[in-house]
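K.L.:
Here you go, structure.json (JSON, C-alpha atoms):
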```json
[["chain", "number", "residue", "atom", "x", "y", "z"],
["A", 17, "MET", "CA", 78.08, 102.96, 113.45],
["A", 18, "ARG", "CA", 77.87, 99.19, 113.62],
["A", 19, "GLU", "CA", 78.91, 97.33, 116.72],
["A", 20, "LEU", "CA", 82.20, 95.47, 116.35],
["A", 21, "PRO", "CA", 83.31, 92.17, 117.87],
["A", 22, "ALA", "CA", 85.19, 92.25, 121.18],
["A", 23, "GLY", "CA", 88.77, 93.45, 120.72],
["A", 24, "TRP", "CA", 88.04, 95.33, 117.49],
["A", 25, "ALA", "CA", 87.98, 99.13, 117.20],
["A", 26, "TRP", "CA", 86.96, 101.76, 114.69],
["A", 27, "GLY", "CA", 89.74, 103.93, 113.36],
["A", 28, "LYS", "CA", 90.57, 106.23, 110.50],
["A", 29, "MET", "CA", 92.79, 105.04, 107.68],
["A", 30, "SER", "CA", 95.22, 107.83, 108.64],
["A", 31, "GLU", "CA", 95.65, 106.16, 112.05],
["A", 32, "VAL", "CA", 96.76, 102.83, 110.57],
["A", 33, "ALA", "CA", 98.45, 103.76, 107.31],
["A", 34, "GLU", "CA", 100.29, 106.51, 105.49],
["A", 35, "THR", "CA", 98.67, 107.63, 102.25],
["A", 36, "SER", "CA", 100.23, 109.42, 99.30],
["A", 37, "SER", "CA", 99.67, 109.91, 95.61],
["A", 38, "GLY", "CA", 102.11, 109.95, 92.74],
["A", 39, "GLY", "CA", 102.76, 112.24, 89.84],
["A", 40, "THR", "CA", 103.35, 112.56, 86.14],
["A", 41, "PRO", "CA", 106.44, 114.19, 84.68],
["A", 42, "SER", "CA", 106.02, 116.54, 81.74],
["A", 43, "ARG", "CA", 105.17, 114.61, 78.59],
["A", 44, "ARG", "CA", 107.11, 117.31, 76.66],
["A", 45, "GLU", "CA", 110.36, 115.90, 78.04],
["A", 46, "ALA", "CA", 111.13, 112.63, 76.26],
["A", 47, "ALA", "CA", 114.12, 112.17, 78.56],
["A", 48, "TYR", "CA", 111.72, 111.55, 81.46],
["A", 49, "PHE", "CA", 110.32, 108.35, 79.95],
["A", 50, "GLY", "CA", 111.77, 105.04, 78.84],
["A", 51, "GLY", "CA", 114.01, 104.42, 81.84],
["A", 52, "ASP", "CA", 114.02, 101.50, 84.25],
["A", 53, "ILE", "CA", 111.63, 102.75, 86.99],
["A", 54, "PRO", "CA", 108.22, 101.02, 86.68],
["A", 55, "TRP", "CA", 105.45, 103.66, 86.61],
["A", 56, "LEU", "CA", 101.85, 102.56, 87.24],
["A", 57, "LYS", "CA", 98.72, 104.26, 85.99],
["A", 58, "SER", "CA", 95.26, 103.60, 87.42],
["A", 59, "GLY", "CA", 94.16, 101.58, 84.38],
["A", 60, "GLU", "CA", 96.76, 98.97, 85.32],
["A", 61, "LEU", "CA", 95.07, 98.16, 88.65],
["A", 62, "GLN", "CA", 93.04, 94.96, 88.35],
["A", 63, "ASP", "CA", 91.97, 94.12, 91.94],
["A", 64, "GLY", "CA", 94.98, 91.91, 92.53],
["A", 65, "LEU", "CA", 98.74, 91.68, 92.50],
["A", 66, "VAL", "CA", 100.75, 94.35, 90.73],
["A", 67, "SER", "CA", 103.70, 92.31, 89.63],
["A", 68, "ALA", "CA", 103.76, 92.30, 85.85],
["A", 69, "LYS", "CA", 105.62, 94.78, 83.69],
["A", 70, "THR", "CA", 104.15, 98.26, 83.62],
["A", 71, "GLU", "CA", 103.07, 99.99, 80.41],
["A", 72, "GLU", "CA", 105.54, 102.83, 80.95],
["A", 73, "TYR", "CA", 108.83, 103.42, 82.74],
["A", 74, "LEU", "CA", 110.39, 106.61, 84.07],
["A", 75, "THR", "CA", 113.99, 107.70, 84.06],
["A", 76, "ARG", "CA", 115.60, 109.02, 87.25],
["A", 77, "ALA", "CA", 115.21, 112.54, 85.81],
["A", 78, "GLY", "CA", 111.49, 111.89, 85.22],
["A", 79, "LEU", "CA", 111.02, 110.69, 88.79],
["A", 80, "ASP", "CA", 112.97, 113.67, 90.15],
["A", 81, "ASN", "CA", 110.85, 116.14, 88.16],
["A", 82, "CYS", "CA", 107.40, 115.16, 89.40],
["A", 83, "ASN", "CA", 105.64, 114.16, 92.62],
["A", 84, "ALA", "CA", 106.05, 110.44, 92.00],
["A", 85, "LYS", "CA", 108.23, 108.38, 94.30],
["A", 86, "VAL", "CA", 109.18, 104.71, 94.27],
["A", 87, "LEU", "CA", 106.89, 102.77, 96.59],
["A", 88, "ASP", "CA", 107.77, 99.56, 98.40],
["A", 89, "PRO", "CA", 106.31, 96.12, 97.78],
["A", 90, "GLY", "CA", 103.37, 95.60, 100.16],
["A", 91, "THR", "CA", 101.89, 99.00, 99.36],
["A", 92, "VAL", "CA", 98.14, 98.89, 98.65],
["A", 93, "LEU", "CA", 96.93, 101.03, 95.75],
["A", 94, "VAL", "CA", 93.48, 102.49, 95.03],
["A", 95, "ALA", "CA", 92.50, 104.11, 91.72],
["A", 96, "MET", "CA", 90.87, 107.50, 92.36],
["A", 97, "TYR", "CA", 89.86, 108.81, 88.91],
["A", 98, "GLY", "CA", 87.75, 107.89, 85.94],
["A", 99, "ALA", "CA", 86.47, 104.51, 84.83],
["A", 100, "THR", "CA", 88.88, 102.65, 87.11],
["A", 101, "THR", "CA", 87.83, 104.43, 90.34],
["A", 102, "GLY", "CA", 87.86, 102.04, 93.25],
["A", 103, "ARG", "CA", 90.09, 99.38, 91.69],
["A", 104, "VAL", "CA", 92.67, 98.05, 94.13],
["A", 105, "GLY", "CA", 96.18, 96.68, 93.69],
["A", 106, "PHE", "CA", 98.78, 95.06, 95.92],
["A", 107, "MET", "CA", 102.36, 95.90, 94.96],
["A", 108, "THR", "CA", 104.81, 93.00, 94.77],
["A", 109, "MET", "CA", 107.57, 95.09, 93.21],
["A", 110, "PRO", "CA", 108.97, 98.59, 93.74],
["A", 111, "ALA", "CA", 107.25, 101.08, 91.43],
["A", 112, "ALA", "CA", 106.12, 104.69, 91.17],
["A", 113, "THR", "CA", 102.54, 105.75, 90.39],
["A", 114, "ASN", "CA", 100.76, 108.64, 88.75],
["A", 115, "GLN", "CA", 98.52, 111.06, 90.65],
["A", 116, "ALA", "CA", 95.36, 109.04, 89.89],
["A", 117, "ILE", "CA", 96.43, 106.39, 92.43],
["A", 118, "CYS", "CA", 96.35, 106.60, 96.21],
["A", 119, "ALA", "CA", 99.17, 104.57, 97.77],
["A", 120, "ILE", "CA", 98.51, 103.13, 101.23],
["A", 121, "LYS", "CA", 101.44, 101.94, 103.35],
["A", 122, "ALA", "CA", 100.25, 100.03, 106.43],
["A", 123, "GLU", "CA", 101.71, 100.93, 109.81],
["A", 124, "ASP", "CA", 103.29, 98.27, 112.03],
["A", 125, "GLY", "CA", 100.62, 95.97, 113.43],
["A", 126, "ILE", "CA", 98.35, 96.32, 110.41],
["A", 127, "SER", "CA", 98.40, 93.68, 107.71],
["A", 128, "PRO", "CA", 98.64, 95.21, 104.23],
["A", 129, "TRP", "CA", 96.71, 92.18, 102.94],
["A", 130, "PHE", "CA", 93.93, 92.95, 105.44],
["A", 131, "LEU", "CA", 93.80, 96.54, 104.11],
["A", 132, "PHE", "CA", 93.75, 95.24, 100.53],
["A", 133, "TYR", "CA", 90.74, 92.99, 101.17],
["A", 134, "LEU", "CA", 89.04, 95.63, 103.32],
["A", 135, "LEU", "CA", 89.31, 98.20, 100.51],
["A", 136, "LEU", "CA", 87.93, 95.70, 97.99],
["A", 137, "ASN", "CA", 84.99, 95.22, 100.34],
["A", 138, "LEU", "CA", 84.55, 98.98, 100.81],
["A", 139, "ARG", "CA", 84.50, 99.72, 97.05],
["A", 140, "PRO", "CA", 80.70, 100.29, 96.96],
["A", 141, "HIS", "CA", 81.09, 102.89, 99.72],
["A", 142, "LEU", "CA", 84.01, 104.54, 97.90],
["A", 143, "LEU", "CA", 82.07, 104.64, 94.64],
["A", 144, "SER", "CA", 78.99, 106.09, 96.33],
["A", 145, "SER", "CA", 81.24, 108.83, 97.77],
["A", 146, "ARG", "CA", 82.54, 110.01, 94.37],
["A", 147, "SER", "CA", 82.16, 113.66, 93.49],
["A", 148, "GLY", "CA", 82.63, 115.77, 90.40],
["A", 149, "GLY", "CA", 81.05, 116.36, 87.03],
["A", 150, "ALA", "CA", 81.20, 114.14, 83.97],
["A", 151, "GLN", "CA", 83.68, 111.70, 85.48],
["A", 152, "PRO", "CA", 83.25, 111.61, 89.28],
["A", 153, "ASN", "CA", 86.32, 110.82, 91.35],
["A", 154, "ILE", "CA", 87.34, 109.97, 94.89],
["A", 155, "SER", "CA", 90.11, 111.84, 96.68],
["A", 156, "GLN", "CA", 93.09, 110.90, 98.78],
["A", 157, "GLY", "CA", 91.40, 112.84, 101.59],
["A", 158, "LEU", "CA", 88.35, 110.58, 101.39],
["A", 159, "ILE", "CA", 90.59, 107.50, 101.71],
["A", 160, "THR", "CA", 92.70, 109.04, 104.48],
["A", 161, "ASN", "CA", 89.57, 109.88, 106.51],
["A", 162, "LEU", "CA", 87.82, 106.57, 105.79],
["A", 163, "ARG", "CA", 86.56, 104.93, 109.00],
["A", 164, "VAL", "CA", 87.68, 101.32, 109.08],
["A", 165, "PRO", "CA", 87.08, 98.37, 111.43],
["A", 166, "LEU", "CA", 90.34, 97.25, 113.02],
["A", 167, "PRO", "CA", 90.62, 93.72, 114.39],
["A", 168, "PRO", "CA", 93.60, 92.53, 116.45],
["A", 169, "GLN", "CA", 96.60, 91.28, 114.43],
["A", 170, "ALA", "CA", 95.78, 87.59, 114.92],
["A", 171, "GLU", "CA", 92.24, 88.22, 113.65],
["A", 172, "GLN", "CA", 93.59, 90.15, 110.65],
["A", 173, "ARG", "CA", 95.71, 87.13, 109.74],
["A", 174, "ARG", "CA", 92.76, 84.75, 110.22],
["A", 175, "ILE", "CA", 90.51, 86.90, 108.02],
["A", 176, "VAL", "CA", 93.12, 87.06, 105.24],
["A", 177, "ALA", "CA", 93.71, 83.29, 105.42],
["A", 178, "GLU", "CA", 89.97, 82.61, 105.22],
["A", 179, "ILE", "CA", 89.51, 84.89, 102.21],
["A", 180, "GLU", "CA", 92.47, 83.33, 100.44],
["A", 181, "LYS", "CA", 91.08, 79.81, 100.90],
["A", 182, "HIS", "CA", 88.26, 80.64, 98.48]]
```
Represent the structure contained in this file as structure tokens.
P.N.:
Amino acid sequence: MRELPAGWAWGKMSEVAETSSGGTPSRREAAYFGGDIPWLKSGELQDGLVSAKTEEYLTRAGLDNCNAKVLDPGTVLVAMYGATTGRVGFMTMPAATNQAICAIKAEDGISPWFLFYLLLNLRPHLLSSRSGGAQPNISQGLITNLRVPLPPQAEQRRIVAEIEKH
């Protein structure tokens, strides 16, 4: 493991954030779709802000009949399956996701923007850790157990500000 600057520490993602994944209601129930709850799929993640309209919307019944839940703005998203594996999004609106997305909610003291940029930087590692057959995937467990460098809060803010200058 690489040596970190003074004041930094190594930690697991599970120590600094709560992770979850969403769900998909039965497509056989038309009443589950077409509501007013934005519902994101992994193909909608574009390594940036998630603030535009989503392709699909769920009804309250659709949300209640699957594992999806409405996530808060500031949640960081990572696509886990298929051609979009490793894409990252930063939620600026409340929305639910399907099961192909890992949602990461930073704990107090951890900047969600720092986690967003860190995960963009760690994409090659995530992609090299894929497993499976024809279309390799990453898992929520891989993300949860990911070892991450953790700078102090002031340094997190400085890093984010420096990245955003460019």
K.L.:
Pick out the residues sitting within 7 Å of Phe106 of chain A, and hand them over as a PyMOL selection string; count all atoms listed in the file, and ignore anything fewer than 4 positions along from it in its own chain.
P.N.:
chain A and resi 64-66+90-93+132
K.L.:
In Å to one decimal, how far is atom CA of Pro140 of chain A from atom CA of Cys118 of chain A?
P.N.:
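Between these atoms lies a distance of 16.9 Å.
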K.L.:
Suppose you want the space between atom CA of Ala122 of chain A and atom CA of Glu19 of chain A; what is it in Å?
P.N.:
23.8 Å
K.L.:
May I ask for the distance between atom CA of Ile159 of chain A and atom CA of Pro54 of chain A, given in Å to one decimal place?
P.N.:
24.1 Å
K.L.:
Using all atoms listed in the file, find each residue of segment 85-150 of chain A with at least one atom at most 9 Å away from an atom of segment 23-36 of chain A; report its shortest atom-to-atom pair and that distance in Å (one decimal), sort the rows by chain and rising residue number, and return the result as a tab-separated table.
P.N.:
```
residue	atom	partner	partner_atom	distance
A:Gln115	CA	A:Ser36	CA	9.0
A:Ile117	CA	A:Ser36	CA	8.4
A:Cys118	CA	A:Ser36	CA	5.7
A:Ala119	CA	A:Ser36	CA	5.2
A:Ile120	CA	A:Thr35	CA	4.6
A:Lys121	CA	A:Glu34	CA	5.2
A:Ala122	CA	A:Ala33	CA	4.2
A:Glu123	CA	A:Ala33	CA	5.0
A:Asp124	CA	A:Val32	CA	8.1
A:Gly125	CA	A:Val32	CA	8.4
A:Ile126	CA	A:Val32	CA	6.7
```
K.L.:
Given the choices A:Asn114, A:Leu74, A:Phe130, A:Val94, which gets closest to Glu171 of chain A if the distance is worked out from only C-alpha atoms?
P.N.:
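Ranked by minimum distance to Glu171 of chain A, first place goes to A:Phe130.
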K.L.:
Please determine, counting all atoms listed in the file, which residue among A:Gly51, A:Gly102, A:Pro165, A:Gly38 has the shortest atom-to-atom distance to Lys85 of chain A.
P.N.:
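With all atoms listed in the file as the atom set, the closest residue is A:Gly38.
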K.L.:
Tell me which of A:Ala99, A:Val104, A:Ala47, A:Ala111 sits closest to Thr75 of chain A, counting all atoms listed in the file.
P.N.:
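Answer, going by the shortest atom-to-atom distance: A:Ala47.
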K.L.:
Missing atoms in segment 130-144 of chain A: can you complete it with N, CA, C and O atoms, as a compact mmCIF listing (two decimals), in the frame of the given file?
P.N.:
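result.txt written:
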```txt
# COMPACT_ATOMS: atom_id res chain seq x y z
N PHE A 130 95.23 92.63 104.84
CA PHE A 130 93.93 92.95 105.44
C PHE A 130 93.39 94.24 104.84
O PHE A 130 92.22 94.32 104.46
N LEU A 131 94.25 95.27 104.71
CA LEU A 131 93.80 96.54 104.11
C LEU A 131 93.37 96.34 102.66
O LEU A 131 92.38 96.93 102.22
N PHE A 132 94.10 95.52 101.92
CA PHE A 132 93.75 95.24 100.53
C PHE A 132 92.32 94.67 100.46
O PHE A 132 91.47 95.18 99.72
N TYR A 133 92.06 93.61 101.21
CA TYR A 133 90.74 92.99 101.17
C TYR A 133 89.65 93.90 101.75
O TYR A 133 88.52 93.92 101.27
N LEU A 134 90.00 94.67 102.76
CA LEU A 134 89.04 95.63 103.32
C LEU A 134 88.63 96.66 102.27
O LEU A 134 87.45 96.96 102.10
N LEU A 135 89.61 97.19 101.53
CA LEU A 135 89.31 98.20 100.51
C LEU A 135 88.51 97.60 99.36
O LEU A 135 87.62 98.27 98.82
N LEU A 136 88.77 96.36 98.99
CA LEU A 136 87.93 95.70 97.99
C LEU A 136 86.49 95.66 98.47
O LEU A 136 85.55 95.93 97.73
N ASN A 137 86.32 95.31 99.75
CA ASN A 137 84.99 95.22 100.34
C ASN A 137 84.32 96.58 100.46
O ASN A 137 83.09 96.68 100.36
N LEU A 138 85.11 97.63 100.65
CA LEU A 138 84.55 98.98 100.81
C LEU A 138 84.35 99.71 99.47
O LEU A 138 83.91 100.85 99.46
N ARG A 139 84.64 99.06 98.35
CA ARG A 139 84.50 99.72 97.05
C ARG A 139 83.12 100.34 96.85
O ARG A 139 83.02 101.48 96.40
N PRO A 140 82.01 99.64 97.16
CA PRO A 140 80.70 100.29 96.96
C PRO A 140 80.58 101.61 97.73
O PRO A 140 80.04 102.58 97.21
N HIS A 141 81.12 101.64 98.94
CA HIS A 141 81.09 102.89 99.72
C HIS A 141 81.94 103.96 99.04
O HIS A 141 81.52 105.12 98.93
N LEU A 142 83.14 103.57 98.59
CA LEU A 142 84.01 104.54 97.90
C LEU A 142 83.32 105.09 96.66
O LEU A 142 83.33 106.30 96.41
N LEU A 143 82.72 104.19 95.87
CA LEU A 143 82.07 104.64 94.64
C LEU A 143 80.86 105.53 94.93
O LEU A 143 80.61 106.49 94.19
N SER A 144 80.15 105.25 95.99
CA SER A 144 78.99 106.09 96.33
C SER A 144 79.43 107.45 96.88
O SER A 144 78.62 108.37 96.97
```
